[in-house]
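Working notes, structure below.
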Amino acid sequence: MRWTQSLIPTMKETPADAEVPSHQLMLRAGLIRQLMAGAYTYLPLGWRSVQKAAAIIREEMERAGACELHMPALQPIELFERTGRINAFGSVLMKFDVPRGDRKVPVALGPTHEEVVTDLISRHISSYRQLPLTVYQIQTKFRNEERPRFGVLRTSEFLMKDAYSFASSLEQLNTTYDAMYDAYCRIFKRCGLEFIPVEAESGPIGGDASHEFMIPADNGEDQIVYCKKSGYAANLERAETGRKAPEISTPADAAELQKVDTPNVGSIEAVCGFLKCQPEQMIKTLIYLADEKPVAVLVRGDHEANEGKIRRALGADSLELADPETIQKVTGAPVGFAGPVGLECQVIADHDVPAIANAIAGANAADQHYTGVNVDRDYQLDQTHDLRNAAAGDPCPKSGEPMDLVHGIEVGHVFKLGTKYSESLSAMYLDEHEKRHPIIMGCYGIGVNRIVAGLAETRHDDKGLLWPISIAPYEVLIIPLKTDDEELMSAANSIYAELKEQGIDVLMDDRSARPGVKFNDADLIGIPYRIVVGGKGLKEGVAEVKARTDADAEKVPLDQVVANVTSLVSAAKEALNA
RNA sequence: CGGGAUGUAGCGCAGCCUGGUAGCGCGCUUGACUGGGGGUCAAGAAGUCGCAGGUUCAAAUCCUGUCAUCCCGACCA
């Protein structure tokens, strides 16, 4: 492709609306333009990268035994009513009526395709002999994000590869799941992404039934903990803290229990400021309603309660923070002054709570706290649980080593669904004994444009993007320095033609701009290899070849440039495929 | 949906407080010179100052409303 025939609107300055690096760079490098919040056009360069990611995904899906199909984005609401997800999705589902004569048909734009694919399979699979089966598609998904953000990392409309597997046994499901897991690792590696597979919330099947694939990035919306030593990695929502139940006894150096006035000082932060103490000396007492019954949950002042863990520890179906009135009724004090001492309701505590000697906690009275609070003497605990989010430095549940806490961008998710959708949409198969069973499903998603955005987010320097060869919009950029010099242009043109013949994706910057402009744009758009054909070199019979990540160019005789660059490109590709 | 900020030329911004001819840099067009890391000179084109209403002789500027975008939070199968 010649630059002058494409649409590559690079920008010198960063638009004020863009804050995260991927957004800034993708705008500046002419990959995307915004239409409205959460909706972006992919310009030629950006779209080429997306297509390259899609091609890798297709190859690996086929290798893993999945076959491609294409389902409608337009879906009847009725399917979502049958699975009950019309409520679960709420405002995320984009729904509207389309007129058909004098009737109106309620439809939705697909946020995902479990309903459609299960409906499809229910009509065409009836025997265990037809299973297992895995299908996939690459398609635009629609989710009404209440707040789209981070440029193209979180949008209302995005390209997703979604695969669905159908099995007649858990063994079949597990085999497919493992094949998909491996395919995902291959895909992200081939895309040149650094990624961490993490354990995620597992849903109905439990165990290791769900993994997310995360790109470590400061601007990621997810938080993950991971251990370099054991490789344990998990979403913060799910991560175990690796703490053990401590012995529960009053410490020997227990100070006297004292009630102190803390007028209008309710929050942890405020109490710390007022009493000149640290959050880890405090006991945070949260009043929850578990299946409508009040429960006090104790965590250390600097820790965050994890509602999923609390729900599991209590064996409760529903769990929500109590409203101020209930808190007043249960503790006898307004919000901010609850504490374990003398509390009447059920109390459960995190492992780290009893270890706090001479703690500070609410006194269950307005504007009062206790100091010198100690377990056993001042409040009783039968046992402790893991009730809080993991934090940086918590021991790994496998190795015991301190874990890191990092932000991540979710690019993929594999999930053992079970029979939730096959049951509600009656996708059944007949086994060899003529018994009917719901088909066991798995689903596997990849955010295709998130691969591209994730690369932009994590691979750049102060001059611009640094594409891996596999996802770069073009593999090679040729810069002729003087477009009105016939000899120079003919040299550049023949390199261009020969590289194309070799199957290399090559872009020729045939603009008549000055060299500085072209060099800066070359760095900005980040094409991995650059060939400069200039007057000086031409006199010596050479062109200059430089990788985007190299500091200096190498002079290569004109007749060897094509062979040289071709081998650089294939070596780079092989390195990613290895 | 709660909190905060911003809307002036394609991009980045000034002007607003103290009302009176709409400006700067980059980019764009034409020409000349130039030609190895964002050139020089000259001449140009381009804006209903987000939108609506109000105050005023007069509104980019003051007031009210509204819309949009961004950020923090809540939400996110």
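Quick note on naming: the chains in the structure tokens go A, B, ... in the order shown, residues restart at 1 in each chain, and ligands are numbered from 1 in order of appearance.
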Surrounding residues of His113 in chain A excluding itself and chain neighbours under 6 positions, 12 Å, only C-alpha atoms (C1' of nucleotides), as JSON, numbers by chain = {"A": [69, 70, 71, 72, 73, 74, 75, 76, 79, 80, 83, 85, 119, 120, 121, 135, 136, 137, 138, 139, 140, 141, 142, 160, 161, 162, 163, 164, 421, 443, 444, 445], "B": [77]}
inquiry  = Taking only C-alpha atoms (C1' of nucleotides) into account and nothing else, which residues of chain A lie no more than 8 Å away from chain B? Please answer as a VMD selection string.
reply    = chain A and resid 11 to 18 37 85 88 to 89 92 112 145 to 146 481 to 482 514 to 517 519 to 520 534
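When CA of Lys500 in chain A is paired with CA of His460 in chain A, their separation reads 26.9 Å.
The residue set within 9 Å of range 55-63 of chain B, counting only C-alpha atoms (C1' of nucleotides) and dropping same-chain residues fewer than 2 places from it, reads B:U8, B:G15, B:C16, B:G19, B:G20, B:A22, B:C49.
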inquiry  = DSSP on the backbone: which residues in range 319-494 of chain A end up as helix (DSSP H, G or I)? Give the answer as number ranges by chain.
reply    = A: 324-331, 420-424, 448-458, 486-494
Once you have the residues from the selection above, write them out as a compact mmCIF listing (two decimals), in the first residue's frame, restricted to N, CA and C atoms.
```txt
# COMPACT_ATOMS: atom_id res chain seq x y z
N PRO A 324 -28.65 2.18 57.15
CA PRO A 324 -28.37 2.89 58.42
C PRO A 324 -29.35 2.57 59.54
N GLU A 325 -30.64 2.40 59.18
CA GLU A 325 -31.63 2.11 60.22
C GLU A 325 -31.35 0.77 60.90
N THR A 326 -31.07 -0.24 60.07
CA THR A 326 -30.78 -1.56 60.63
C THR A 326 -29.53 -1.50 61.49
N ILE A 327 -28.53 -0.76 61.04
CA ILE A 327 -27.28 -0.65 61.80
C ILE A 327 -27.56 -0.04 63.17
N GLN A 328 -28.39 1.02 63.16
CA GLN A 328 -28.77 1.66 64.43
C GLN A 328 -29.45 0.65 65.36
N LYS A 329 -30.32 -0.18 64.77
CA LYS A 329 -31.08 -1.14 65.56
C LYS A 329 -30.16 -2.23 66.12
N VAL A 330 -29.25 -2.70 65.28
CA VAL A 330 -28.39 -3.83 65.68
C VAL A 330 -27.31 -3.38 66.66
N THR A 331 -26.70 -2.23 66.39
CA THR A 331 -25.55 -1.83 67.20
C THR A 331 -25.91 -0.79 68.25
N LYS A 420 -26.76 -24.53 32.52
CA LYS A 420 -27.67 -23.41 32.76
C LYS A 420 -28.50 -23.08 31.51
N TYR A 421 -27.83 -22.91 30.37
CA TYR A 421 -28.56 -22.50 29.17
C TYR A 421 -29.22 -23.68 28.47
N SER A 422 -28.56 -24.83 28.50
CA SER A 422 -29.18 -25.98 27.83
C SER A 422 -30.46 -26.38 28.54
N GLU A 423 -30.51 -26.18 29.84
CA GLU A 423 -31.75 -26.50 30.56
C GLU A 423 -32.85 -25.48 30.25
N SER A 424 -32.52 -24.20 30.32
CA SER A 424 -33.59 -23.21 30.13
C SER A 424 -34.04 -23.14 28.68
N VAL A 448 -11.27 -9.12 20.66
CA VAL A 448 -10.31 -9.03 19.56
C VAL A 448 -9.67 -7.65 19.51
N ASN A 449 -10.49 -6.61 19.62
CA ASN A 449 -9.86 -5.28 19.56
C ASN A 449 -9.12 -4.94 20.85
N ARG A 450 -9.43 -5.67 21.91
CA ARG A 450 -8.65 -5.45 23.13
C ARG A 450 -7.23 -5.98 22.98
N ILE A 451 -7.04 -6.97 22.11
CA ILE A 451 -5.68 -7.43 21.84
C ILE A 451 -4.87 -6.27 21.29
N VAL A 452 -5.47 -5.58 20.31
CA VAL A 452 -4.78 -4.46 19.67
C VAL A 452 -4.58 -3.32 20.67
N ALA A 453 -5.65 -2.98 21.38
CA ALA A 453 -5.56 -1.89 22.35
C ALA A 453 -4.57 -2.24 23.47
N GLY A 454 -4.59 -3.50 23.87
CA GLY A 454 -3.68 -3.95 24.93
C GLY A 454 -2.22 -3.83 24.50
N LEU A 455 -1.96 -4.14 23.24
CA LEU A 455 -0.60 -3.99 22.73
C LEU A 455 -0.20 -2.52 22.70
N ALA A 456 -1.12 -1.68 22.23
CA ALA A 456 -0.83 -0.24 22.19
C ALA A 456 -0.58 0.28 23.60
N GLU A 457 -1.33 -0.26 24.54
CA GLU A 457 -1.23 0.19 25.93
C GLU A 457 0.10 -0.20 26.55
N THR A 458 0.61 -1.34 26.18
CA THR A 458 1.79 -1.86 26.88
C THR A 458 3.07 -1.78 26.06
N GLU A 486 13.81 10.71 -9.64
CA GLU A 486 13.37 9.52 -10.37
C GLU A 486 14.20 8.28 -10.04
N GLU A 487 15.50 8.47 -9.97
CA GLU A 487 16.38 7.33 -9.70
C GLU A 487 16.07 6.74 -8.33
N LEU A 488 15.91 7.65 -7.37
CA LEU A 488 15.63 7.23 -5.99
C LEU A 488 14.27 6.52 -5.91
N MET A 489 13.29 7.08 -6.58
CA MET A 489 11.97 6.48 -6.54
C MET A 489 11.95 5.13 -7.24
N SER A 490 12.73 5.00 -8.29
CA SER A 490 12.70 3.72 -8.98
C SER A 490 13.36 2.64 -8.12
N ALA A 491 14.41 3.02 -7.36
CA ALA A 491 15.01 2.07 -6.42
C ALA A 491 13.99 1.68 -5.35
N ALA A 492 13.31 2.68 -4.80
CA ALA A 492 12.32 2.40 -3.75
C ALA A 492 11.18 1.55 -4.29
N ASN A 493 10.73 1.88 -5.49
CA ASN A 493 9.62 1.14 -6.08
C ASN A 493 9.97 -0.31 -6.35
N SER A 494 11.20 -0.55 -6.75
CA SER A 494 11.51 -1.95 -7.05
C SER A 494 11.63 -2.75 -5.75
```
